[in-house]
$ cat my_file25.txt   # compact mmCIF, C-alpha atoms and all ligand atoms
# COMPACT_ATOMS: atom_id res chain seq x y z
CA MET A 10 8.64 84.13 273.70
CA ILE A 11 8.62 84.67 269.95
CA SER A 12 11.68 85.45 267.82
CA VAL A 13 12.52 88.86 266.40
CA SER A 14 11.58 87.78 262.90
CA GLU A 15 8.23 86.33 264.09
CA ALA A 16 7.56 89.60 265.93
CA LEU A 17 8.33 91.57 262.78
CA ASP A 18 5.97 89.39 260.74
CA ARG A 19 3.19 90.02 263.26
CA LEU A 20 3.89 93.75 263.17
CA PHE A 21 3.79 93.88 259.38
CA ALA A 22 0.45 92.03 259.49
CA LEU A 23 -0.93 94.95 261.54
CA VAL A 24 0.27 97.64 259.11
CA THR A 25 -2.09 99.37 256.74
CA PRO A 26 -0.14 101.35 254.13
CA LEU A 27 -1.22 104.99 254.22
CA GLU A 28 -3.02 106.80 251.44
CA ALA A 29 -1.34 109.28 249.08
CA GLU A 30 -1.51 113.07 249.24
CA GLU A 31 -0.19 115.75 246.87
CA VAL A 32 2.50 118.13 248.07
CA PRO A 33 4.32 120.98 246.31
CA LEU A 34 7.69 119.96 244.92
CA GLN A 35 9.60 122.04 247.49
CA GLN A 36 8.07 119.94 250.27
CA ALA A 37 8.61 116.55 248.64
CA ALA A 38 12.24 115.81 249.61
CA GLY A 39 12.44 112.89 252.02
CA ARG A 40 8.82 111.94 251.34
CA VAL A 41 7.94 108.61 249.74
CA LEU A 42 6.70 108.79 246.16
CA ALA A 43 3.34 107.02 246.21
CA ARG A 44 2.90 106.26 242.52
CA PRO A 45 5.05 106.63 239.39
CA VAL A 46 5.19 110.14 237.96
CA THR A 47 5.52 110.93 234.27
CA ALA A 48 7.76 113.44 232.54
CA GLN A 49 5.64 116.21 231.03
CA ARG A 50 8.23 117.19 228.41
CA ASP A 51 11.36 116.20 226.51
CA GLN A 52 14.71 117.22 227.95
CA PRO A 53 16.48 118.95 226.39
CA PRO A 54 13.49 120.11 224.32
CA PHE A 55 15.86 120.92 221.41
CA ALA A 56 19.40 119.93 220.42
CA ALA A 57 21.48 122.17 222.68
CA SER A 58 25.04 123.39 222.73
CA ALA A 59 27.12 121.84 225.52
CA MET A 60 29.76 124.60 225.40
CA ASP A 61 30.37 128.26 224.75
CA GLY A 62 31.83 128.64 221.24
CA TYR A 63 30.84 128.71 217.58
CA GLY A 64 28.29 126.56 215.77
CA VAL A 65 29.49 125.48 212.31
CA THR A 66 28.65 123.00 209.57
CA GLU A 67 32.11 121.46 209.73
CA ALA A 68 35.36 122.20 211.53
CA ALA A 69 39.03 121.69 210.74
CA PRO A 70 42.16 123.50 211.88
CA GLY A 71 42.95 126.49 209.69
CA MET A 72 39.35 127.12 208.55
CA ARG A 73 38.23 130.74 208.42
CA LEU A 74 34.50 131.38 208.92
CA ARG A 75 32.20 134.40 209.04
CA VAL A 76 30.10 134.95 212.16
CA ILE A 77 26.50 135.62 211.06
CA GLY A 78 24.64 135.77 214.38
CA GLU A 79 24.27 134.64 217.96
CA ALA A 80 22.39 131.85 219.77
CA ALA A 81 21.93 132.12 223.52
CA ALA A 82 20.22 129.96 226.15
CA GLY A 83 16.65 131.24 226.05
CA GLU A 84 17.00 132.99 222.67
CA ARG A 85 17.60 130.91 219.58
CA PHE A 86 19.18 131.99 216.27
CA THR A 87 16.34 131.70 213.81
CA GLY A 88 18.32 131.53 210.55
CA SER A 89 20.24 128.65 209.13
CA VAL A 90 24.00 128.22 208.98
CA GLY A 91 25.79 127.26 205.77
CA PRO A 92 29.36 126.34 204.76
CA GLY A 93 31.82 129.13 205.53
CA GLU A 94 29.52 130.50 208.23
CA ALA A 95 29.48 130.33 212.02
CA VAL A 96 27.07 131.33 214.78
CA ARG A 97 28.32 132.56 218.14
CA ILE A 98 26.67 130.10 220.54
CA PHE A 99 26.47 129.70 224.31
CA THR A 100 26.00 126.68 226.57
CA GLY A 101 22.38 125.56 226.62
CA ALA A 102 21.38 127.47 223.48
CA PRO A 103 19.30 125.71 220.80
CA VAL A 104 21.58 124.57 217.97
CA PRO A 105 20.63 126.43 214.75
CA ASP A 106 19.66 124.62 211.54
CA GLY A 107 22.71 123.54 209.60
CA VAL A 108 25.06 123.41 212.59
CA LYS A 109 26.75 120.02 212.93
CA THR A 110 29.38 120.85 215.51
CA VAL A 111 30.25 123.46 218.10
CA VAL A 112 33.90 124.55 218.25
CA ILE A 113 34.73 125.78 221.77
CA GLN A 114 35.92 129.34 221.90
CA GLU A 115 39.30 128.28 223.28
CA ASP A 116 39.95 126.62 219.90
CA VAL A 117 39.17 129.78 217.93
CA ASP A 118 40.90 133.10 217.26
CA ARG A 119 38.33 135.81 216.58
CA ASN A 120 38.92 138.96 214.65
CA GLY A 121 35.82 141.12 214.10
CA ASP A 122 33.23 139.02 212.27
CA GLU A 123 35.79 136.40 211.30
CA ILE A 124 37.00 133.37 213.22
CA LEU A 125 40.00 131.17 212.59
CA ILE A 126 39.85 127.59 213.88
CA THR A 127 43.23 126.88 215.43
CA ASP A 128 45.04 123.56 215.43
CA ARG A 129 44.05 122.92 219.05
CA LEU A 130 40.68 121.49 217.96
CA GLY A 131 39.09 119.15 220.54
CA ASN A 132 37.08 115.96 219.96
CA GLY A 133 33.30 115.63 219.81
CA ASP A 134 30.56 117.85 218.44
CA ASN A 135 29.65 119.47 221.79
CA ILE A 136 25.94 119.06 221.00
CA ARG A 137 23.44 117.52 223.42
CA PRO A 138 20.89 115.69 221.28
CA TYR A 139 17.20 116.50 221.59
CA GLY A 140 15.55 114.39 224.34
CA ASN A 141 18.92 113.03 225.42
CA ASP A 142 18.14 113.18 229.15
CA PHE A 143 14.50 112.01 229.10
CA ARG A 144 11.42 112.03 226.92
CA ALA A 145 7.85 113.03 227.75
CA GLY A 146 6.07 109.96 229.13
CA GLU A 147 9.14 108.48 230.81
CA THR A 148 8.45 107.66 234.45
CA VAL A 149 10.13 107.88 237.83
CA SER A 150 9.24 104.68 239.61
CA ALA A 151 7.52 104.36 243.00
CA PRO A 152 7.79 103.70 245.83
CA ARG A 153 11.01 105.54 246.60
CA ARG A 154 12.14 108.02 249.20
CA LEU A 155 12.73 111.21 247.23
CA THR A 156 16.32 112.45 247.35
CA PRO A 157 17.41 115.98 246.44
CA GLN A 158 18.54 114.49 243.11
CA ASP A 159 15.06 113.07 242.50
CA ILE A 160 13.58 116.50 243.24
CA ALA A 161 15.83 118.09 240.61
CA LEU A 162 14.71 115.44 238.09
CA LEU A 163 11.02 115.94 238.91
CA ALA A 164 11.43 119.69 238.54
CA ALA A 165 13.02 119.25 235.10
CA MET A 166 10.09 116.99 234.18
CA ASN A 167 7.78 119.90 235.11
CA ILE A 168 6.08 118.04 237.95
CA ALA A 169 5.02 120.74 240.40
CA GLN A 170 2.76 118.64 242.64
CA VAL A 171 4.04 115.29 243.84
CA PRO A 172 1.93 112.34 245.04
CA VAL A 173 3.51 111.08 248.26
CA ALA A 174 2.45 108.74 251.04
CA ARG A 175 0.85 110.58 253.92
CA ARG A 176 3.16 110.84 256.94
CA PRO A 177 2.16 108.37 259.66
CA LYS A 178 0.92 110.19 262.76
CA VAL A 179 2.71 108.74 265.75
CA ALA A 180 1.76 109.47 269.37
CA LEU A 181 4.63 109.05 271.84
CA ILE A 182 3.74 108.38 275.46
CA SER A 183 6.29 108.08 278.24
CA THR A 184 5.12 106.40 281.43
CA GLY A 185 6.46 106.66 284.95
CA ASP A 186 6.32 108.79 288.10
CA GLU A 187 10.09 109.13 287.94
CA LEU A 188 10.12 111.11 284.71
CA VAL A 189 10.31 114.84 284.05
CA MET A 190 10.85 116.67 280.80
CA PRO A 191 14.28 118.02 279.77
CA GLY A 192 14.67 121.53 281.20
CA GLU A 193 12.56 120.77 284.27
CA THR A 194 14.01 120.34 287.73
CA PRO A 195 13.79 116.70 288.77
CA GLY A 196 13.03 115.70 292.35
CA PRO A 197 15.55 113.52 294.23
CA ASP A 198 14.08 110.27 292.89
CA GLN A 199 13.45 111.50 289.39
CA ILE A 200 15.26 111.34 286.03
CA ILE A 201 14.79 113.06 282.70
CA ALA A 202 12.62 111.44 280.02
CA SER A 203 15.17 110.69 277.29
CA ASN A 204 13.76 107.85 275.20
CA THR A 205 10.87 109.97 274.12
CA PHE A 206 13.19 112.48 272.52
CA GLY A 207 15.45 109.90 270.89
CA LEU A 208 12.42 108.18 269.38
CA TYR A 209 10.92 111.52 268.33
CA ALA A 210 14.12 112.29 266.43
CA LEU A 211 14.19 108.84 264.84
CA LEU A 212 10.55 109.21 263.76
CA GLN A 213 11.28 112.57 262.16
CA GLU A 214 14.20 111.05 260.29
CA LEU A 215 11.96 108.21 259.08
CA GLY A 216 9.41 110.66 257.66
CA ALA A 217 6.71 110.20 260.30
CA GLU A 218 4.80 112.95 262.10
CA PRO A 219 5.53 112.38 265.79
CA ARG A 220 3.57 114.01 268.60
CA LEU A 221 4.70 114.04 272.23
CA LEU A 222 1.85 113.41 274.63
CA PRO A 223 2.09 114.26 278.33
CA ILE A 224 3.97 111.79 280.52
CA ALA A 225 1.55 109.22 281.92
CA ARG A 226 1.92 108.69 285.64
CA ASP A 227 1.98 105.25 287.25
CA SER A 228 -1.76 104.95 287.66
CA GLU A 229 -4.36 103.31 285.49
CA ALA A 230 -6.37 106.53 285.35
CA SER A 231 -3.40 108.60 284.13
CA LEU A 232 -2.42 106.08 281.49
CA GLN A 233 -6.02 105.80 280.29
CA THR A 234 -6.29 109.57 280.02
CA VAL A 235 -3.10 109.93 278.01
CA LEU A 236 -3.91 107.00 275.72
CA GLY A 237 -7.25 108.73 275.13
CA LEU A 238 -5.36 111.74 273.75
CA ALA A 239 -3.84 109.55 271.03
CA ASP A 240 -7.07 108.79 269.22
CA ASP A 241 -6.07 110.36 265.88
CA ALA A 242 -2.75 108.48 265.66
CA ASP A 243 -1.88 105.79 263.14
CA LEU A 244 0.64 104.39 265.61
CA VAL A 245 0.61 104.75 269.39
CA ILE A 246 3.95 104.17 271.08
CA THR A 247 4.24 103.78 274.82
CA ILE A 248 7.60 103.76 276.55
CA GLY A 249 8.15 101.89 279.80
CA GLY A 250 5.72 100.06 282.04
CA ALA A 251 5.91 97.07 279.73
CA SER A 252 7.52 94.58 282.09
CA VAL A 253 6.23 92.60 285.07
CA GLY A 254 6.59 95.08 287.97
CA ASP A 255 3.57 96.16 290.03
CA ARG A 256 3.66 99.54 288.32
CA ASP A 257 4.03 98.17 284.80
CA LEU A 258 0.50 98.97 283.73
CA VAL A 259 0.65 99.33 279.97
CA ALA A 260 -0.49 95.80 279.09
CA LYS A 261 -3.33 95.95 281.64
CA VAL A 262 -4.65 99.39 280.67
CA ALA A 263 -4.27 98.85 276.91
CA GLY A 264 -6.07 95.52 277.37
CA ASP A 265 -8.92 97.25 279.22
CA LEU A 266 -9.15 99.75 276.35
CA GLY A 267 -9.57 96.88 273.88
CA LEU A 268 -6.04 96.15 272.66
CA GLU A 269 -6.05 93.12 270.38
CA ARG A 270 -2.63 91.92 271.40
CA ALA A 271 -0.37 90.51 268.68
CA PHE A 272 2.43 89.57 271.08
CA HIS A 273 4.08 90.46 274.38
CA LYS A 274 7.77 89.60 274.88
CA VAL A 275 10.37 88.86 272.27
CA ALA A 276 13.45 86.65 272.64
CA MET A 277 15.89 89.48 272.25
CA ARG A 278 18.30 91.57 274.27
CA PRO A 279 17.67 94.38 274.91
CA GLY A 280 13.96 94.73 274.24
CA LYS A 281 12.43 91.61 275.76
CA PRO A 282 9.20 93.16 277.14
CA LEU A 283 8.13 94.60 273.77
CA MET A 284 4.40 94.34 273.08
CA SER A 285 2.15 95.18 270.15
CA GLY A 286 -1.37 94.95 268.87
CA ARG A 287 -4.28 96.84 267.39
CA LEU A 288 -5.96 99.50 269.52
CA GLY A 289 -9.09 100.79 267.78
CA ASP A 290 -8.02 102.21 264.40
CA ALA A 291 -4.39 102.49 265.46
CA MET A 292 -1.49 100.13 265.79
CA MET A 293 0.16 100.07 269.18
CA LEU A 294 3.78 99.40 270.04
CA GLY A 295 4.67 99.15 273.72
CA LEU A 296 8.41 99.69 274.08
CA PRO A 297 10.46 98.74 277.14
CA GLY A 298 11.53 101.62 279.33
CA ASN A 299 15.25 101.03 279.58
CA PRO A 300 16.69 103.74 277.35
CA VAL A 301 18.84 101.52 275.15
CA SER A 302 16.06 98.93 274.87
CA ALA A 303 13.64 101.58 273.66
CA MET A 304 16.04 102.93 271.05
CA VAL A 305 17.10 99.48 269.84
CA CYS A 306 13.42 98.54 269.47
CA GLY A 307 12.99 101.84 267.64
CA HIS A 308 15.55 100.79 265.03
CA ILE A 309 14.63 97.11 264.84
CA PHE A 310 10.79 97.33 264.98
CA MET A 311 9.48 100.89 264.81
CA ALA A 312 11.57 101.91 261.78
CA PRO A 313 10.50 98.93 259.61
CA VAL A 314 6.86 99.55 260.65
CA ILE A 315 7.06 103.21 259.59
CA ARG A 316 8.67 102.23 256.29
CA ALA A 317 5.89 99.68 255.70
CA MET A 318 3.24 102.33 256.48
CA LEU A 319 4.91 104.60 253.92
CA GLY A 320 4.59 101.85 251.31
CA LEU A 321 8.30 100.99 251.21
CA GLY A 322 7.67 97.29 251.78
CA SER A 323 7.80 94.96 254.75
CA GLU A 324 11.50 94.53 255.30
CA PRO A 325 13.59 94.20 258.47
CA ALA A 326 16.28 96.79 259.17
CA PRO A 327 18.97 96.26 256.53
CA ARG A 328 21.98 94.21 257.62
CA GLU A 329 25.55 93.97 256.41
CA SER A 330 28.35 91.47 257.11
CA LEU A 331 31.54 92.98 258.51
CA PRO A 332 34.61 91.55 260.26
CA LEU A 333 35.09 91.88 264.01
CA ALA A 334 37.98 94.07 265.14
CA ARG A 335 38.07 92.29 268.50
CA ALA A 336 36.94 88.92 269.85
CA ILE A 337 33.53 88.66 271.56
CA PRO A 338 32.24 86.06 274.04
CA ALA A 339 29.49 83.50 273.39
CA ASN A 340 25.89 84.74 273.34
CA GLY A 341 23.04 83.57 275.58
CA PRO A 342 19.62 82.26 274.51
CA ARG A 343 18.21 85.61 273.26
CA GLU A 344 19.13 87.38 270.00
CA HIS A 345 21.51 90.09 271.14
CA TYR A 346 21.82 93.53 269.58
CA MET A 347 25.23 94.66 270.83
CA ARG A 348 26.27 98.27 270.68
CA ALA A 349 29.34 98.64 268.50
CA ARG A 350 31.49 101.06 266.57
CA LEU A 351 32.63 100.67 262.97
CA GLY A 352 36.26 101.37 262.11
CA THR A 353 38.88 100.58 259.48
CA ALA A 354 39.93 97.43 261.40
CA GLY A 355 36.30 96.21 261.53
CA VAL A 356 33.55 96.27 264.14
CA SER A 357 34.44 96.90 267.79
CA VAL A 358 31.79 95.76 270.25
CA PHE A 359 31.69 97.84 273.42
CA GLU A 360 32.58 96.09 276.70
CA ARG A 361 29.63 97.58 278.57
CA GLN A 362 26.29 96.41 277.19
CA ASP A 363 23.86 97.27 280.00
CA SER A 364 20.60 98.53 278.51
CA SER A 365 20.60 101.69 280.65
CA LEU A 366 23.79 103.16 279.12
CA LEU A 367 22.91 105.97 276.75
CA SER A 368 26.53 107.16 276.71
CA VAL A 369 27.55 103.84 275.15
CA LEU A 370 24.63 103.94 272.69
CA GLY A 371 25.62 107.50 271.78
CA ALA A 372 29.14 106.32 270.94
CA ALA A 373 27.80 103.44 268.82
CA ASP A 374 27.05 103.61 265.12
CA ALA A 375 26.02 99.98 264.68
CA LEU A 376 24.34 97.06 266.41
CA VAL A 377 26.03 93.68 266.05
CA VAL A 378 23.28 91.07 265.74
CA ARG A 379 24.13 87.85 267.59
CA PRO A 380 21.87 84.85 266.96
CA PRO A 381 20.69 82.94 270.04
CA ASN A 382 23.51 80.78 271.48
CA ASP A 383 26.04 82.11 268.98
CA PRO A 384 29.49 80.77 270.04
CA ALA A 385 32.42 83.05 270.92
CA ARG A 386 33.79 84.84 267.88
CA ALA A 387 37.41 85.71 267.11
CA ALA A 388 38.72 88.93 265.60
CA GLY A 389 38.32 88.82 261.82
CA GLU A 390 35.18 86.65 261.83
CA LEU A 391 32.22 88.10 259.99
CA VAL A 392 29.22 89.31 261.98
CA GLU A 393 25.96 90.87 260.90
CA ILE A 394 25.42 94.50 261.76
CA VAL A 395 22.61 97.03 261.54
CA ARG A 396 23.73 100.64 261.14
CA ILE A 397 22.13 103.07 263.56
N1 LIG A 401 11.52 90.70 287.23
C1 LIG A 401 11.79 91.21 286.02
N2 LIG A 401 12.19 92.47 285.91
C2 LIG A 401 12.46 93.00 284.71
C3 LIG A 401 12.34 92.21 283.56
C4 LIG A 401 11.87 90.89 283.68
O1 LIG A 401 11.72 90.14 282.70
N3 LIG A 401 11.61 90.44 284.95
N4 LIG A 401 12.68 92.76 282.36
C5 LIG A 401 13.70 93.76 282.39
C6 LIG A 401 13.87 94.32 281.10
S1 LIG A 401 14.61 93.36 279.97
C7 LIG A 401 13.52 95.59 280.80
S2 LIG A 401 13.90 96.24 279.27
C8 LIG A 401 12.87 96.46 281.75
C9 LIG A 401 11.70 97.14 281.04
O2 LIG A 401 10.80 97.57 281.93
P1 LIG A 401 9.56 98.48 281.61
O3 LIG A 401 9.27 98.52 280.16
O4 LIG A 401 8.48 98.06 282.50
O5 LIG A 401 10.12 99.91 281.95
P2 LIG A 401 10.10 100.70 283.33
O6 LIG A 401 10.17 99.72 284.44
O7 LIG A 401 9.00 101.64 283.28
O8 LIG A 401 11.46 101.44 283.19
C10 LIG A 401 12.69 100.78 283.11
C11 LIG A 401 13.80 101.81 283.24
O9 LIG A 401 13.74 102.74 282.18
C12 LIG A 401 13.56 104.06 282.66
N5 LIG A 401 12.66 104.79 281.74
C13 LIG A 401 11.38 104.50 281.48
N6 LIG A 401 10.89 105.38 280.59
C14 LIG A 401 11.88 106.22 280.29
C15 LIG A 401 11.98 107.36 279.45
N7 LIG A 401 10.96 107.77 278.68
N8 LIG A 401 13.17 107.99 279.37
C16 LIG A 401 14.21 107.57 280.13
N9 LIG A 401 14.18 106.50 280.94
C17 LIG A 401 13.02 105.86 281.04
C18 LIG A 401 12.96 103.89 284.01
O10 LIG A 401 13.19 104.98 284.83
C19 LIG A 401 13.66 102.64 284.51
O11 LIG A 401 14.94 102.95 284.96
O12 LIG A 401 12.42 95.74 282.85
C20 LIG A 401 13.40 94.84 283.41
N10 LIG A 401 12.89 94.30 284.60
O1 LIG A 402 16.19 93.31 277.65
MO1 LIG A 402 15.79 94.72 278.58
O2 LIG A 402 15.19 95.20 277.09
O3 LIG A 402 17.57 94.64 278.50
O4 LIG A 402 16.72 95.99 279.23
$ encode --input "my_file25.txt" --output "structure tokens"
Amino acid sequence: MISVSEALDRLFALVTPLEAEEVPLQQAAGRVLARPVTAQRDQPPFAASAMDGYGVTEAAPGMRLRVIGEAAAGERFTGSVGPGEAVRIFTGAPVPDGVKTVVIQEDVDRNGDEILITDRLGNGDNIRPYGNDFRAGETVSAPRRLTPQDIALLAAMNIAQVPVARRPKVALISTGDELVMPGETPGPDQIIASNTFGLYALLQELGAEPRLLPIARDSEASLQTVLGLADDADLVITIGGASVGDRDLVAKVAGDLGLERAFHKVAMRPGKPLMSGRLGDAMMLGLPGNPVSAMVCGHIFMAPVIRAMLGLGSEPAPRESLPLARAIPANGPREHYMRARLGTAGVSVFERQDSSLLSVLGAADALVVRPPNDPARAAGELVEIVRI
């Protein structure tokens, strides 16, 4: 069996980063910027008032000045302002020629066309210099996953179409005679397909385009048929049927269809029967069926693969070091991803770690990563975690 990091290296070797496509700005949030984009203008495109008040050449308490006009956001004052004069000005308005400072209206008493600067004068000139935020030609670097803040910046830069990495198309195939879809009525020996939906949600969150294919039954013909429906996918994910049972047919059928296998079985817990390879133009990931195993493999393998396809680099799931809230026993020979909850006292690892327990996974917000043969750990010792 290979290690988790060896498996990740082999997965990254199978990844082809996807090409770029242009999308309208409103659809770009959460997408990955494919190449740097360049500001089309200076911002602000003129020196602008930062406050509502009066633009003047100089200001001191006790000065009396004559108001000669008005400058608003969107409508400048075209004249020039001299000593003894003031222009009524609003936030965002272009600063007229001659104006050196804006006195906020709270610091002024107005009487008709005359203002008196009071002794409550604040500091600063209240003027945003021309090009203070960014200049035409400045770039937003790529790759990056575009946040709402990035979208606001791109909008201000007048970038209406955004080059982003195409979303990876991911086909999700559950396997097993025991499975029915949520909402259906299961027979006495049946359960509801759950992994499929958890992985679908994770794929959406990662920025992929998941597609649920019909459940493949435990026959070679059924599995072949469903795999045949995945021919436009960048990544084909099967769930279950990956182990050694008589009905675990994924390796056999994928092999018959020409899978160039990169590995089968990883020294980890849960997730041991994981397999991967290249299947035609697509990459294939065969996840174990146990619900927690499938979701853990989703976070530890599928998520880094999707990020690599999106051009975000070939990096494992990010880890952090945090103290244990409670002691944990020694680990066995496989790298263990233990379901845990983060709290103010540190990380609490759940007692029950069976890989069928979705209720425990649902209560977890982190996986504690235990190296093979890690000794028992006391409360307060640092452990590595992956947030989920
Ligand atoms: N003799 C051995 N038995 C098993 C081994 C082994 O090494 N030797 N490995 C165990 C480990 S570890 C795992 S993990 C499981 C994985 O088995 P499969 O990938 O073949 O999965 P199935 O047998 O098809 O299903 C296992 C379990 O998960 C349920 N399942 C499957 N798909 C879904 C789904 N989409 N949603 C919800 N639940 C699903 C299925 O009903 C089974 O209960 O093998 C161990 N056995
Ligand atoms: O290791 Mo399996 O992936 O626990 O259930």
$ closest_residue --input "my_file25.txt" --among "A:Glu31, A:Arg226, A:Gly196, A:Asp290" --to "Asp241 in chain A" --atoms "only C-alpha atoms"
A:Asp290
$ atom_distance --input "my_file25.txt" --atom1 "CA of Pro342 in chain A" --atom2 "atom O11 of ligand LIG 401 (chain A)"
23.6 Å
$ atom_distance --input "my_file25.txt" --atom1 "CA of Ser302 in chain A" --atom2 "CA of Leu188 in chain A"
16.7 Å
$ atom_distance --input "my_file25.txt" --atom1 "CA of Ala202 in chain A" --atom2 "CA of Leu288 in chain A"
24.5 Å
$ closest_residue --input "my_file25.txt" --among "A:Gly88, A:Pro197, A:Gly254, A:Pro332" --to "ligand LIG 401 (chain A)" --atoms "only C-alpha atoms and all ligand atoms"
A:Gly254
$ residues_near_point --input "my_file25.txt" --point "(11.3, 118.8, 224.7)" --cutoff "8 Å" --atoms "all atoms listed in the file" --output "list in words"
Arg50, Asp51, Gln52, Pro53, Pro54, Phe55, Tyr139, Gly140, Arg144 and Ala145 of chain A
$ closest_residue --input "my_file25.txt" --among "A:Ser357, A:Asn120, A:Ser58, A:Gln36" --to "Ile136 in chain A" --atoms "only C-alpha atoms"
A:Ser58
$ build_atoms --input "my_file25.txt" --residues "range 160-176 of chain A" --atoms "N, CA and C atoms" --output "compact mmCIF listing (two decimals), in the coordinates of the input"
# COMPACT_ATOMS: atom_id res chain seq x y z
N ILE A 160 14.36 115.25 243.31
CA ILE A 160 13.58 116.50 243.24
C ILE A 160 14.02 117.32 242.03
N ALA A 161 15.33 117.36 241.78
CA ALA A 161 15.83 118.09 240.61
C ALA A 161 15.26 117.47 239.33
N LEU A 162 15.24 116.13 239.28
CA LEU A 162 14.71 115.44 238.09
C LEU A 162 13.23 115.74 237.91
N LEU A 163 12.46 115.65 238.99
CA LEU A 163 11.02 115.94 238.91
C LEU A 163 10.77 117.38 238.46
N ALA A 164 11.58 118.29 238.96
CA ALA A 164 11.43 119.69 238.54
C ALA A 164 11.65 119.80 237.04
N ALA A 165 12.73 119.19 236.54
CA ALA A 165 13.02 119.25 235.10
C ALA A 165 11.90 118.62 234.28
N MET A 166 11.22 117.65 234.86
CA MET A 166 10.09 116.99 234.18
C MET A 166 8.82 117.82 234.26
N ASN A 167 8.91 118.97 234.94
CA ASN A 167 7.78 119.90 235.11
C ASN A 167 6.66 119.29 235.94
N ILE A 168 7.06 118.61 237.02
CA ILE A 168 6.08 118.04 237.95
C ILE A 168 6.08 118.95 239.20
N ALA A 169 5.05 119.75 239.32
CA ALA A 169 5.02 120.74 240.40
C ALA A 169 4.36 120.20 241.67
N GLN A 170 3.44 119.26 241.49
CA GLN A 170 2.76 118.64 242.64
C GLN A 170 3.12 117.17 242.65
N VAL A 171 3.50 116.65 243.79
CA VAL A 171 4.04 115.29 243.84
C VAL A 171 3.16 114.41 244.72
N PRO A 172 2.72 113.25 244.20
CA PRO A 172 1.93 112.34 245.04
C PRO A 172 2.85 111.56 245.98
N VAL A 173 2.67 111.77 247.27
CA VAL A 173 3.51 111.08 248.26
C VAL A 173 2.62 110.41 249.29
N ALA A 174 3.19 109.41 249.96
CA ALA A 174 2.45 108.74 251.04
C ALA A 174 2.27 109.72 252.19
N ARG A 175 1.08 109.73 252.75
CA ARG A 175 0.85 110.58 253.92
C ARG A 175 1.81 110.16 255.04
N ARG A 176 2.27 111.16 255.82
CA ARG A 176 3.16 110.84 256.94
C ARG A 176 2.35 110.13 258.03
